[in-house]
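**Q** Compact mmCIF, C-alpha atoms and all ligand atoms, file data_36.txt:
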```txt
# COMPACT_ATOMS: atom_id res chain seq x y z
CA MET O 40 4.35 20.16 18.92
CA LEU O 41 3.00 17.04 20.56
CA ARG O 42 1.42 16.03 17.36
CA PHE O 43 4.76 15.67 15.63
CA ALA O 44 5.97 13.12 18.14
CA THR O 45 3.34 10.63 17.08
CA ALA O 46 1.84 11.64 13.79
CA SER O 47 4.34 13.78 11.92
CA LYS O 48 1.97 14.37 9.06
CA TRP O 49 2.20 17.59 7.17
CA ILE O 50 1.12 20.65 8.98
CA VAL O 51 0.94 24.11 7.55
CA ALA O 52 -1.22 26.22 9.79
CA ILE O 53 0.57 25.37 13.00
CA VAL O 54 3.81 26.91 11.85
CA GLY O 55 2.91 30.39 12.96
CA LEU O 56 2.63 29.19 16.53
CA MET O 57 6.10 27.73 16.39
CA ALA O 58 7.88 30.60 14.80
CA GLN O 59 9.08 31.82 18.14
CA SER O 60 11.08 28.70 18.90
CA ALA O 61 14.84 28.66 18.71
CA ALA O 62 16.96 26.42 16.52
CA PRO O 63 16.37 22.76 17.32
CA ALA O 64 18.29 21.37 20.24
CA ALA O 65 20.20 18.14 19.99
CA ALA O 66 17.60 15.40 19.78
CA GLN O 67 17.75 12.00 21.42
CA THR O 68 15.75 9.96 18.96
CA ALA O 69 14.98 10.07 15.26
CA ASP O 70 11.40 11.04 16.06
CA GLN O 71 12.50 13.91 18.28
CA ASP O 72 15.00 15.02 15.68
CA PHE O 73 12.33 15.18 12.99
CA ALA O 74 9.93 16.96 15.34
CA ALA O 75 12.59 19.54 16.14
CA ARG O 76 13.30 20.20 12.47
CA CYS O 77 9.58 20.55 11.79
CA ALA O 78 9.19 22.97 14.70
CA ALA O 79 11.99 25.25 13.53
CA PRO O 80 11.17 28.79 12.37
CA GLY O 81 10.14 29.08 8.76
CA VAL O 82 8.76 25.58 8.24
CA ILE O 83 5.59 25.51 6.15
CA VAL O 84 5.29 21.81 5.27
CA CYS O 85 6.20 18.82 7.36
CA ARG O 86 5.25 15.32 6.23
CA GLY O 87 6.27 12.09 7.89
CA TRP O 88 4.08 9.53 6.08
CA ASP O 89 3.23 8.08 9.47
CA ASP O 90 -0.56 7.89 9.20
CA SER O 91 -2.65 5.50 7.13
CA ASP O 92 -4.87 8.34 5.92
CA GLU O 93 -1.92 9.85 4.07
CA PHE O 94 -2.02 6.87 1.72
CA VAL O 95 -5.64 7.25 0.69
CA ARG O 96 -5.84 8.08 -3.00
CA PRO O 97 -6.39 11.84 -3.30
CA VAL O 98 -8.99 13.67 -5.31
CA TYR O 99 -7.16 15.63 -8.00
CA PRO O 100 -5.46 18.05 -7.47
CA GLY O 101 -5.00 17.10 -3.84
CA ASP O 102 -1.72 16.04 -2.29
CA GLY O 103 -0.91 12.37 -2.32
CA LEU O 104 -0.28 9.30 -4.42
CA TYR O 105 -0.92 9.32 -8.14
CA PRO O 106 -0.84 6.22 -10.35
CA ASP O 107 1.62 4.67 -12.74
CA GLY O 108 1.09 4.55 -16.50
CA SER O 109 -1.50 1.81 -16.20
CA GLY O 110 -3.54 3.55 -13.52
CA THR O 111 -2.20 1.53 -10.62
CA ILE O 112 -1.10 3.16 -7.37
CA ARG O 113 2.32 1.74 -6.49
CA GLY O 114 3.20 3.96 -3.57
CA THR O 115 2.59 2.21 -0.26
CA ARG O 116 3.07 2.67 3.45
CA ASP O 117 6.18 0.86 4.70
CA THR O 118 6.13 0.33 8.44
CA SER O 119 9.46 -1.51 8.57
CA VAL O 120 11.81 0.67 6.52
CA ARG O 121 11.48 4.26 7.71
CA ALA O 122 13.66 7.17 8.79
CA SER O 123 11.42 8.08 11.72
CA GLY O 124 7.91 7.71 13.02
CA SER O 125 5.87 4.62 12.25
CA SER O 126 6.31 4.44 8.47
CA ALA O 127 7.67 5.87 5.23
CA LEU O 128 6.54 6.18 1.64
CA LYS O 129 7.72 3.32 -0.58
CA PHE O 130 7.44 2.99 -4.33
CA THR O 131 7.72 -0.41 -5.97
CA ILE O 132 9.15 -0.37 -9.48
CA PRO O 133 7.99 -3.59 -11.13
CA SER O 134 10.41 -5.66 -13.15
CA VAL O 135 10.34 -5.10 -16.91
CA SER O 136 8.41 -1.85 -16.55
CA GLY O 137 8.11 1.33 -18.60
CA GLN O 138 8.88 4.95 -17.87
CA ASN O 139 5.98 5.69 -15.53
CA SER O 140 6.55 2.51 -13.57
CA ALA O 141 5.37 3.51 -10.12
CA GLY O 142 3.48 6.80 -10.23
CA GLN O 143 4.35 9.65 -7.91
CA TRP O 144 3.64 11.61 -4.77
CA VAL O 145 2.50 15.17 -5.52
CA GLN O 146 2.73 17.71 -2.72
CA ARG O 147 2.01 21.40 -2.42
CA LEU O 148 4.93 23.44 -1.10
CA GLY O 149 2.67 25.42 1.21
CA ALA O 150 3.26 28.64 -0.70
CA THR O 151 3.95 29.88 -4.20
CA PHE O 152 7.56 30.89 -4.77
CA GLY O 153 7.73 33.45 -7.55
CA GLU O 154 10.31 36.06 -8.44
CA ASN O 155 12.68 37.22 -5.68
CA THR O 156 11.77 34.52 -3.18
CA THR O 157 13.75 31.79 -1.43
CA PHE O 158 12.68 28.35 -0.37
CA TYR O 159 14.33 25.34 1.23
CA VAL O 160 13.31 21.69 0.86
CA GLN O 161 14.63 18.63 2.64
CA PHE O 162 13.66 14.96 2.50
CA ARG O 163 15.10 11.55 3.29
CA TYR O 164 15.65 9.17 0.40
CA ARG O 165 16.65 5.55 0.03
CA VAL O 166 17.00 3.03 -2.79
CA SER O 167 17.22 -0.74 -2.97
CA PRO O 168 20.24 -2.46 -4.55
CA ALA O 169 18.28 -3.23 -7.74
CA MET O 170 17.97 0.50 -8.45
CA LEU O 171 21.75 0.70 -8.74
CA SER O 172 22.28 -2.60 -10.54
CA GLY O 173 22.40 -1.50 -14.15
CA ARG O 174 21.29 0.73 -16.98
CA PHE O 175 17.79 0.05 -18.13
CA GLY O 176 17.44 2.01 -21.34
CA GLY O 177 15.87 5.25 -20.16
CA ASN O 178 17.26 8.62 -19.16
CA GLY O 179 17.67 7.47 -15.56
CA TRP O 180 15.18 7.56 -12.72
CA LYS O 181 14.14 10.85 -11.23
CA VAL O 182 14.14 11.67 -7.54
CA ALA O 183 12.14 14.89 -7.21
CA ILE O 184 10.75 17.78 -9.26
CA PHE O 185 9.86 21.31 -8.16
CA HIS O 186 7.18 22.73 -10.40
CA TYR O 187 3.94 24.69 -10.68
CA ALA O 188 0.60 22.92 -10.20
CA PHE O 189 0.75 19.67 -12.19
CA ASN O 190 3.11 21.02 -14.86
CA SER O 191 6.15 18.92 -14.07
CA CYS O 192 7.73 19.23 -17.53
CA SER O 193 7.99 22.91 -18.37
CA ASP O 194 10.28 25.93 -18.24
CA LEU O 195 9.48 26.31 -14.58
CA GLU O 196 10.90 23.02 -13.41
CA ILE O 197 13.83 21.96 -11.25
CA THR O 198 14.48 18.23 -11.38
CA THR O 199 16.84 15.88 -9.57
CA GLN O 200 17.67 12.74 -11.52
CA ASN O 201 20.03 9.79 -11.52
CA THR O 202 20.95 10.82 -15.03
CA TYR O 203 21.68 7.87 -17.31
CA TYR O 204 21.93 5.63 -14.25
CA ARG O 205 25.31 7.09 -13.35
CA GLY O 206 24.41 6.42 -9.75
CA PHE O 207 24.44 9.94 -8.30
CA PRO O 208 22.04 12.89 -8.39
CA GLN O 209 22.25 15.55 -11.07
CA MET O 210 19.88 18.41 -11.73
CA TYR O 211 18.29 20.17 -14.67
CA THR O 212 15.57 22.64 -15.59
CA ASN O 213 13.27 23.25 -18.56
CA CYS O 214 12.14 19.65 -19.00
CA GLY O 215 15.73 18.52 -19.41
CA ALA O 216 16.91 21.27 -21.74
CA PHE O 217 19.35 22.89 -19.31
CA ASN O 218 21.61 20.75 -17.12
CA MET O 219 23.36 22.21 -14.11
CA GLU O 220 26.93 21.46 -15.14
CA LYS O 221 30.11 23.45 -15.25
CA THR O 222 33.22 23.45 -17.42
CA VAL O 223 36.48 24.50 -15.79
CA GLY O 224 39.78 24.27 -17.62
CA GLY O 225 38.27 22.12 -20.31
CA THR O 226 36.81 19.61 -17.86
CA LEU O 227 33.08 19.21 -17.64
CA TYR O 228 31.85 18.78 -14.11
CA VAL O 229 28.45 17.12 -13.97
CA GLN O 230 28.25 18.05 -10.32
CA GLN O 231 29.84 21.26 -9.14
CA GLY O 232 29.46 21.22 -5.41
CA ALA O 233 32.40 23.30 -4.31
CA ASP O 234 33.79 26.58 -5.40
CA PRO O 235 36.50 26.91 -6.37
CA ILE O 236 36.62 23.42 -7.79
CA PRO O 237 37.97 20.82 -7.57
CA ASN O 238 39.53 21.47 -4.16
CA GLY O 239 36.51 22.57 -2.16
CA GLY O 240 34.37 20.60 0.22
CA GLY O 241 31.58 19.55 -2.08
CA TRP O 242 31.13 16.96 -4.79
CA ASN O 243 33.01 17.84 -7.95
CA CYS O 244 32.35 15.06 -10.38
CA PRO O 245 34.29 15.28 -13.65
CA TYR O 246 32.63 13.75 -16.66
CA GLY O 247 34.39 10.57 -17.74
CA ASN O 248 36.23 10.23 -14.43
CA PHE O 249 33.54 9.23 -11.97
CA SER O 250 34.70 7.99 -8.59
CA THR O 251 33.24 7.54 -5.14
CA THR O 252 35.53 10.23 -3.78
CA ARG O 253 34.38 12.87 -6.27
CA CYS O 254 30.79 11.94 -7.10
CA SER O 255 27.98 11.65 -4.56
CA PHE O 256 26.95 8.10 -5.37
CA PHE O 257 23.77 6.76 -3.86
CA GLN O 258 24.35 3.94 -1.41
CA ALA O 259 21.82 1.12 -1.46
CA ASP O 260 19.77 0.46 1.65
CA ARG O 261 20.99 3.62 3.38
CA TRP O 262 19.10 6.81 4.08
CA HIS O 263 20.32 9.93 2.34
CA THR O 264 19.16 13.45 3.01
CA LEU O 265 18.64 15.65 0.00
CA TYR O 266 18.49 19.36 0.76
CA TYR O 267 17.84 22.30 -1.52
CA ARG O 268 18.02 26.07 -1.38
CA VAL O 269 16.41 27.84 -4.32
CA ASP O 270 16.80 31.60 -4.63
CA VAL O 271 14.46 32.64 -7.39
CA GLY O 272 15.61 35.77 -9.18
CA THR O 273 13.63 37.17 -12.06
CA TRP O 274 12.34 35.01 -14.87
CA GLY O 275 14.57 34.79 -17.88
CA SER O 276 17.54 36.55 -16.28
CA PRO O 277 20.80 35.00 -14.99
CA ASN O 278 20.13 35.89 -11.38
CA SER O 279 18.73 32.78 -9.71
CA ASN O 280 20.76 30.53 -7.43
CA ILE O 281 20.03 26.81 -7.18
CA GLN O 282 21.97 24.85 -4.59
CA ALA O 283 21.66 21.26 -3.44
CA TRP O 284 23.36 19.14 -0.82
CA ILE O 285 23.40 15.46 0.06
CA ALA O 286 24.04 14.03 3.50
CA TYR O 287 24.58 10.35 4.09
CA ASP O 288 22.83 9.11 7.20
CA GLY O 289 24.52 10.60 10.26
CA GLN O 290 26.91 12.76 8.27
CA PRO O 291 26.90 16.47 7.38
CA TYR O 292 25.69 18.06 4.18
CA GLN O 293 28.03 18.13 1.21
CA GLN O 294 27.06 20.27 -1.73
CA PHE O 295 26.58 18.73 -5.15
CA ILE O 296 24.93 21.55 -7.07
CA ASN O 297 25.98 25.18 -6.95
CA ALA O 298 24.26 26.82 -9.90
CA LYS O 299 24.80 30.51 -9.27
CA ASN O 300 23.56 33.20 -11.62
CA PHE O 301 21.37 30.60 -13.26
CA THR O 302 18.50 31.51 -15.57
CA ILE O 303 15.07 30.18 -14.68
CA TYR O 304 12.76 30.61 -17.62
CA ASN O 305 9.01 30.93 -17.25
CA SER O 306 7.04 31.48 -20.42
CA ALA O 307 4.31 30.12 -22.66
CA PRO O 308 2.44 30.20 -20.37
CA VAL O 309 3.85 32.22 -17.49
CA PHE O 310 3.20 30.48 -14.18
CA PRO O 311 3.02 32.21 -10.78
CA GLY O 312 6.00 30.28 -9.41
CA PHE O 313 7.06 27.00 -7.82
CA ASP O 314 4.29 25.60 -5.65
CA HIS O 315 4.59 21.80 -5.82
CA ILE O 316 7.10 19.04 -5.40
CA SER O 317 6.71 15.62 -6.97
CA LEU O 318 8.56 12.61 -5.60
CA LEU O 319 8.89 9.88 -8.17
CA PRO O 320 11.07 7.20 -9.79
CA TYR O 321 9.86 8.18 -13.28
CA ASP O 322 12.39 7.11 -15.93
CA THR O 323 11.86 9.08 -19.12
CA ASN O 324 12.12 7.08 -22.36
CA LYS O 325 12.42 3.78 -20.58
CA THR O 326 10.71 1.00 -22.46
CA SER O 327 10.04 -2.19 -20.56
CA ALA O 328 13.71 -3.15 -20.43
CA SER O 329 14.71 -6.08 -18.30
CA ASN O 330 15.03 -4.23 -15.03
CA PRO O 331 14.66 -6.17 -11.79
CA GLU O 332 12.01 -5.14 -9.29
CA GLY O 333 13.29 -2.20 -7.29
CA TYR O 334 12.21 0.06 -4.44
CA VAL O 335 12.68 3.66 -3.41
CA TRP O 336 11.63 5.23 -0.12
CA TYR O 337 10.93 8.78 1.02
CA ASP O 338 10.47 10.10 4.52
CA GLU O 339 10.61 13.39 6.45
CA LEU O 340 9.70 15.96 3.82
CA ILE O 341 10.15 19.52 5.05
CA VAL O 342 9.60 22.80 3.19
CA SER O 343 10.79 25.98 4.86
CA ARG O 344 11.51 29.63 4.32
CA GLN O 345 14.69 29.22 6.39
CA PRO O 346 17.61 26.74 6.44
CA ILE O 347 16.81 23.23 7.68
CA ALA O 348 19.10 21.36 10.06
CA VAL O 349 20.90 18.17 9.09
CA PRO O 350 19.10 15.08 10.47
CA GLY O 351 20.80 13.79 13.58
CA ILE O 352 23.42 16.52 13.57
CA GLY O 353 21.73 19.83 14.17
CA PRO O 354 21.60 23.24 12.54
CA SER O 355 22.75 23.42 8.99
CA ASP O 356 26.43 23.80 8.31
CA ALA O 357 25.66 24.34 4.66
CA THR O 358 27.02 27.75 3.93
CA ALA O 359 26.70 29.45 0.62
CA PRO O 360 30.07 29.48 -1.16
CA ALA O 361 31.22 32.24 -3.44
CA SER O 362 29.82 32.48 -6.91
CA PRO O 363 31.38 30.09 -9.41
CA SER O 364 32.67 31.02 -12.80
CA GLY O 365 32.33 29.21 -16.07
CA LEU O 366 28.83 27.86 -15.49
CA VAL O 367 27.37 26.62 -18.72
CA ILE O 368 24.01 25.28 -19.61
CA ARG O 369 23.78 22.20 -21.77
CA CA B 401 8.03 8.59 8.79
```
I'd like the structure from this file rewritten - as structure tokens, please.
**A**
Amino acid sequence: MLRFATASKWIVAIVGLMAQSAAPAAAQTADQDFAARCAAPGVIVCRGWDDSDEFVRPVYPGDGLYPDGSGTIRGTRDTSVRASGSSALKFTIPSVSGQNSAGQWVQRLGATFGENTTFYVQFRYRVSPAMLSGRFGGNGWKVAIFHYAFNSCSDLEITTQNTYYRGFPQMYTNCGAFNMEKTVGGTLYVQQGADPIPNGGGWNCPYGNFSTTRCSFFQADRWHTLYYRVDVGTWGSPNSNIQAWIAYDGQPYQQFINAKNFTIYNSAPVFPGFDHISLLPYDTNKTSASNPEGYVWYDELIVSRQPIAVPGIGPSDATAPASPSGLVIR
């Protein structure tokens, strides 16, 4: 427990000792808040990027920073912009850069989540204004990928992406083959946070009618919390549930993905399950367009077997809504 207050690096083995603790109490500082979330029952990974040794280049397949397309590590320790602790992870996306512009952070989930398992992931995320300043010719920069080992483009993949630079997170599986979108009454919703839509409490973002009141746009130079619950059913059957929420700094979760009865495929080859997350601004199909230099930051990564509280607010108010209808895969 004391270790979290100063170091906040990822800890797996200590979790068993903390499993007896109650839900986190209201915290006074950002550091205490993060420590309380890390100490909650069910947590199996907690990483704060607060120690210099976390930024030492790992030996494959260890956790840590991996290089861009030219072999350069572009993830760095930022001691000025951080959500808590002494630092955060920052990626620099060079101007006029290609698809693998900044490399990635690869992290084990602390367990392998196969059929009939549930896992929760939370992290803080921030972008610079340049990341929202235009469309740069690719498919849009990614935010995070759940995957097996180092297979980040496969059936067994759940990706969050700023698709086509629309400015808000969307999600897909199967290396981009299946988007989590929903058609209701002839309207395609590229985010389907509430159910029923469009009058629920989540983000229901109709294609062709994007607005800040209906789509969960990223806000430059502000911390966001991205939070996921993945209920893995059985491979190849429409019985998995993938849910995601976004919370702007100091505000509660609002759901932006509610993919119920979703099919997670896992074949050729069959992998044991999800066991890694990659954090990365990778921008598929981007070719050295005239993008300005941009930055993204990550902090406070938590993986748990139980719900994770909202930063600065307390226990999760993210409740699972009823199953949607009309979910389509595109
Ligand atoms: Ca930190």
**Q** At most 9 Å is the cut-off: for each residue in chain O with any atom that close to an atom of ligand CA 401 (chain B), write down the nearest atom pair and the distance in Å rounded to one decimal, counting only C-alpha atoms and all ligand atoms, chain first then increasing number, as JSON lines.
**A**
```
{"residue": "O:Ala46", "atom": "CA", "partner": "B:CA401", "partner_atom": "CA", "distance": 8.5}
{"residue": "O:Ser47", "atom": "CA", "partner": "B:CA401", "partner_atom": "CA", "distance": 7.1}
{"residue": "O:Lys48", "atom": "CA", "partner": "B:CA401", "partner_atom": "CA", "distance": 8.4}
{"residue": "O:Asp70", "atom": "CA", "partner": "B:CA401", "partner_atom": "CA", "distance": 8.4}
{"residue": "O:Phe73", "atom": "CA", "partner": "B:CA401", "partner_atom": "CA", "distance": 8.9}
{"residue": "O:Arg86", "atom": "CA", "partner": "B:CA401", "partner_atom": "CA", "distance": 7.7}
{"residue": "O:Gly87", "atom": "CA", "partner": "B:CA401", "partner_atom": "CA", "distance": 4.0}
{"residue": "O:Trp88", "atom": "CA", "partner": "B:CA401", "partner_atom": "CA", "distance": 4.9}
{"residue": "O:Asp89", "atom": "CA", "partner": "B:CA401", "partner_atom": "CA", "distance": 4.9}
{"residue": "O:Asp90", "atom": "CA", "partner": "B:CA401", "partner_atom": "CA", "distance": 8.6}
{"residue": "O:Asp117", "atom": "CA", "partner": "B:CA401", "partner_atom": "CA", "distance": 8.9}
{"residue": "O:Thr118", "atom": "CA", "partner": "B:CA401", "partner_atom": "CA", "distance": 8.5}
{"residue": "O:Arg121", "atom": "CA", "partner": "B:CA401", "partner_atom": "CA", "distance": 5.6}
{"residue": "O:Ala122", "atom": "CA", "partner": "B:CA401", "partner_atom": "CA", "distance": 5.8}
{"residue": "O:Ser123", "atom": "CA", "partner": "B:CA401", "partner_atom": "CA", "distance": 4.5}
{"residue": "O:Gly124", "atom": "CA", "partner": "B:CA401", "partner_atom": "CA", "distance": 4.3}
{"residue": "O:Ser125", "atom": "CA", "partner": "B:CA401", "partner_atom": "CA", "distance": 5.7}
{"residue": "O:Ser126", "atom": "CA", "partner": "B:CA401", "partner_atom": "CA", "distance": 4.5}
{"residue": "O:Ala127", "atom": "CA", "partner": "B:CA401", "partner_atom": "CA", "distance": 4.5}
{"residue": "O:Leu128", "atom": "CA", "partner": "B:CA401", "partner_atom": "CA", "distance": 7.7}
{"residue": "O:Tyr337", "atom": "CA", "partner": "B:CA401", "partner_atom": "CA", "distance": 8.3}
{"residue": "O:Asp338", "atom": "CA", "partner": "B:CA401", "partner_atom": "CA", "distance": 5.1}
{"residue": "O:Glu339", "atom": "CA", "partner": "B:CA401", "partner_atom": "CA", "distance": 5.9}
```
**Q** Which residues are near O:Val145? Cut-off 9 Å, only C-alpha atoms, ignore same chain within fewer than 4 positions. Put them as a PyMOL selection string.
**A** chain O and resi 100-105+189+315-319
**Q** Have a look at O:Phe257, O:Arg116, O:Tyr321, O:Arg268 and name the one nearest to O:Gly142; count all atoms listed in the file.
**A**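 Looking at the shortest contact to O:Gly142, the residue is O:Tyr321.
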**Q** Find the distance between atom CA of O:Ile281 and atom CA of O:Ala79 and write it in Å to one decimal.
**A**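 Atom CA of O:Ala79 lies at a distance of 22.3 Å from atom CA of O:Ile281.
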**Q** Which of these, O:Pro331, O:Gly137, O:Pro106, O:Gly81, has the shortest distance to O:Ser172 once you count all atoms listed in the file?
**A** O:Pro331
**Q** Which residue is closest to O:Tyr228? Choose from O:Asn297, O:Asn201, O:Ser140, O:Gln282 and count only C-alpha atoms.
**A**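 Closest residue, counting only C-alpha atoms: O:Asn297.
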**Q** Could you tell me how far atom CA of O:Val223 lies from atom CA of O:Thr198, in Å and to one decimal?
**A** 23.3 Å
**Q** With distances taken over only C-alpha atoms, which of O:Gln294, O:Thr151, O:Asn243, O:Thr323 is nearest to O:Pro311?
**A**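 Between O:Gln294, O:Thr151, O:Asn243, O:Thr323, the residue approaching O:Pro311 most closely is O:Thr151.
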**Q** What does the structure give for the distance between atom CA of O:Gly110 and atom CA of O:Arg147, in Å to one decimal?
**A** 21.7 Å
**Q** Return the single residue from O:Asn278, O:Gln290, O:Thr226, O:Gln231 that is closest to O:Gly247, with distances computed using only C-alpha atoms.
**A**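 The shortest atom-to-atom distance to O:Gly247 comes from O:Thr226.
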**Q** For O:Leu340, which residue among O:Ser193, O:Asn139, O:Thr264, O:Ser250 is the nearest when counting all atoms listed in the file?
**A**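 Nearest to O:Leu340: O:Thr264.
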**Q** For O:Ile197, find every residue with an atom within 6 Å (counting all atoms listed in the file), except residues of its own chain fewer than 2 positions away, and show them as a list in words.
**A**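 My reading of the contact set: Ile184, Phe185, Tyr211 and Thr212 of chain O.
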**Q** Using C-alpha atoms, can you export the residues from the last selection as a compact mmCIF listing (two decimals), in the frame of the given file?
**A**
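out.txt was written with the following content:
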```txt
# COMPACT_ATOMS: atom_id res chain seq x y z
CA ILE O 184 10.75 17.78 -9.26
CA PHE O 185 9.86 21.31 -8.16
CA TYR O 211 18.29 20.17 -14.67
CA THR O 212 15.57 22.64 -15.59
```
**Q** What lies within 10 Å of O:Asp314 using all atoms listed in the file, ignoring chain neighbours under 4 positions off, as a list in words?
**A**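 In the requested form, the answer reads Gln146, Arg147, Leu148, Gly149, Ala150, Thr151, Phe152, Gly153, Phe185, His186, Tyr187, Ala188, Phe189 and Phe310 of chain O.
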**Q** Mind listing whatever residues come within 6 Å of the point (11.8, -1.3, -9.7)? Use only C-alpha atoms, file coordinates, and give them as a list in words.
**A**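 Residues close enough to count: Thr131, Ile132, Pro133, Ser134, Glu332, Gly333 and Tyr334 of chain O.
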**Q** If we count all atoms listed in the file, what is near O:Tyr164 at a cut-off of 6 Å, once residues fewer than 6 positions away on the same chain are taken out, given as a PyMOL selection string?
**A** chain O and resi 262-263+336-337
**Q** Select, counting all atoms listed in the file, all protein, DNA and RNA residues no farther than 8 Å from (15.0, 17.1, 11.2) in file coordinates, and express the selection as a count of residues only.
**A** 13
**Q** Should you be able to, write stretch 280-338 of chain O of this structure into a file that contains C-alpha atoms, as a PDB file, in the first residue's frame.
**A**
```
ATOM      1  CA  ASN O 280     -20.328  -8.314 -24.266  1.00  0.00           C
ATOM      2  CA  ILE O 281     -17.933  -5.440 -24.905  1.00  0.00           C
ATOM      3  CA  GLN O 282     -18.616  -2.190 -23.102  1.00  0.00           C
ATOM      4  CA  ALA O 283     -16.616   1.014 -22.892  1.00  0.00           C
ATOM      5  CA  TRP O 284     -17.019   4.296 -21.076  1.00  0.00           C
ATOM      6  CA  ILE O 285     -15.285   7.656 -21.178  1.00  0.00           C
ATOM      7  CA  ALA O 286     -15.052  10.102 -18.293  1.00  0.00           C
ATOM      8  CA  TYR O 287     -13.775  13.617 -18.720  1.00  0.00           C
ATOM      9  CA  ASP O 288     -11.528  14.691 -15.884  1.00  0.00           C
ATOM     10  CA  GLY O 289     -13.602  15.045 -12.716  1.00  0.00           C
ATOM     11  CA  GLN O 290     -16.805  13.786 -14.309  1.00  0.00           C
ATOM     12  CA  PRO O 291     -18.576  10.409 -14.207  1.00  0.00           C
ATOM     13  CA  TYR O 292     -18.376   7.645 -16.764  1.00  0.00           C
ATOM     14  CA  GLN O 293     -20.580   7.854 -19.834  1.00  0.00           C
ATOM     15  CA  GLN O 294     -20.846   4.814 -22.015  1.00  0.00           C
ATOM     16  CA  PHE O 295     -19.829   4.959 -25.658  1.00  0.00           C
ATOM     17  CA  ILE O 296     -19.770   1.291 -26.624  1.00  0.00           C
ATOM     18  CA  ASN O 297     -22.402  -1.252 -25.680  1.00  0.00           C
ATOM     19  CA  ALA O 298     -21.759  -4.227 -27.926  1.00  0.00           C
ATOM     20  CA  LYS O 299     -23.947  -6.927 -26.430  1.00  0.00           C
ATOM     21  CA  ASN O 300     -24.209 -10.409 -27.881  1.00  0.00           C
ATOM     22  CA  PHE O 301     -21.117  -9.667 -29.912  1.00  0.00           C
ATOM     23  CA  THR O 302     -19.107 -12.392 -31.625  1.00  0.00           C
ATOM     24  CA  ILE O 303     -15.423 -12.610 -30.787  1.00  0.00           C
ATOM     25  CA  TYR O 304     -13.698 -14.841 -33.281  1.00  0.00           C
ATOM     26  CA  ASN O 305     -10.534 -16.743 -32.480  1.00  0.00           C
ATOM     27  CA  SER O 306      -9.167 -18.975 -35.196  1.00  0.00           C
ATOM     28  CA  ALA O 307      -6.208 -19.694 -37.442  1.00  0.00           C
ATOM     29  CA  PRO O 308      -4.513 -20.012 -35.043  1.00  0.00           C
ATOM     30  CA  VAL O 309      -6.598 -20.279 -31.886  1.00  0.00           C
ATOM     31  CA  PHE O 310      -5.079 -18.215 -29.086  1.00  0.00           C
ATOM     32  CA  PRO O 311      -5.608 -18.837 -25.359  1.00  0.00           C
ATOM     33  CA  GLY O 312      -7.275 -15.456 -24.815  1.00  0.00           C
ATOM     34  CA  PHE O 313      -6.601 -11.769 -24.233  1.00  0.00           C
ATOM     35  CA  ASP O 314      -3.424 -11.284 -22.234  1.00  0.00           C
ATOM     36  CA  HIS O 315      -1.911  -7.981 -23.398  1.00  0.00           C
ATOM     37  CA  ILE O 316      -2.808  -4.372 -23.950  1.00  0.00           C
ATOM     38  CA  SER O 317      -0.913  -2.096 -26.298  1.00  0.00           C
ATOM     39  CA  LEU O 318      -1.075   1.673 -25.922  1.00  0.00           C
ATOM     40  CA  LEU O 319      -0.172   3.436 -29.132  1.00  0.00           C
ATOM     41  CA  PRO O 320      -0.897   6.260 -31.586  1.00  0.00           C
ATOM     42  CA  TYR O 321      -0.421   3.935 -34.573  1.00  0.00           C
ATOM     43  CA  ASP O 322      -2.249   5.292 -37.639  1.00  0.00           C
ATOM     44  CA  THR O 323      -2.834   2.514 -40.153  1.00  0.00           C
ATOM     45  CA  ASN O 324      -2.233   3.446 -43.805  1.00  0.00           C
ATOM     46  CA  LYS O 325      -0.880   6.851 -42.971  1.00  0.00           C
ATOM     47  CA  THR O 326       1.865   7.903 -45.327  1.00  0.00           C
ATOM     48  CA  SER O 327       4.021  10.799 -44.249  1.00  0.00           C
ATOM     49  CA  ALA O 328       1.249  13.337 -44.725  1.00  0.00           C
ATOM     50  CA  SER O 329       1.827  16.857 -43.521  1.00  0.00           C
ATOM     51  CA  ASN O 330       0.797  16.324 -39.931  1.00  0.00           C
ATOM     52  CA  PRO O 331       2.153  18.673 -37.277  1.00  0.00           C
ATOM     53  CA  GLU O 332       4.105  17.258 -34.350  1.00  0.00           C
ATOM     54  CA  GLY O 333       1.660  15.912 -31.796  1.00  0.00           C
ATOM     55  CA  TYR O 334       1.653  14.269 -28.377  1.00  0.00           C
ATOM     56  CA  VAL O 335      -0.412  11.725 -26.502  1.00  0.00           C
ATOM     57  CA  TRP O 336      -0.105  10.815 -22.845  1.00  0.00           C
ATOM     58  CA  TYR O 337      -1.116   7.801 -20.768  1.00  0.00           C
ATOM     59  CA  ASP O 338      -1.198   7.416 -17.021  1.00  0.00           C
TER      60      ASP O 338
END
```
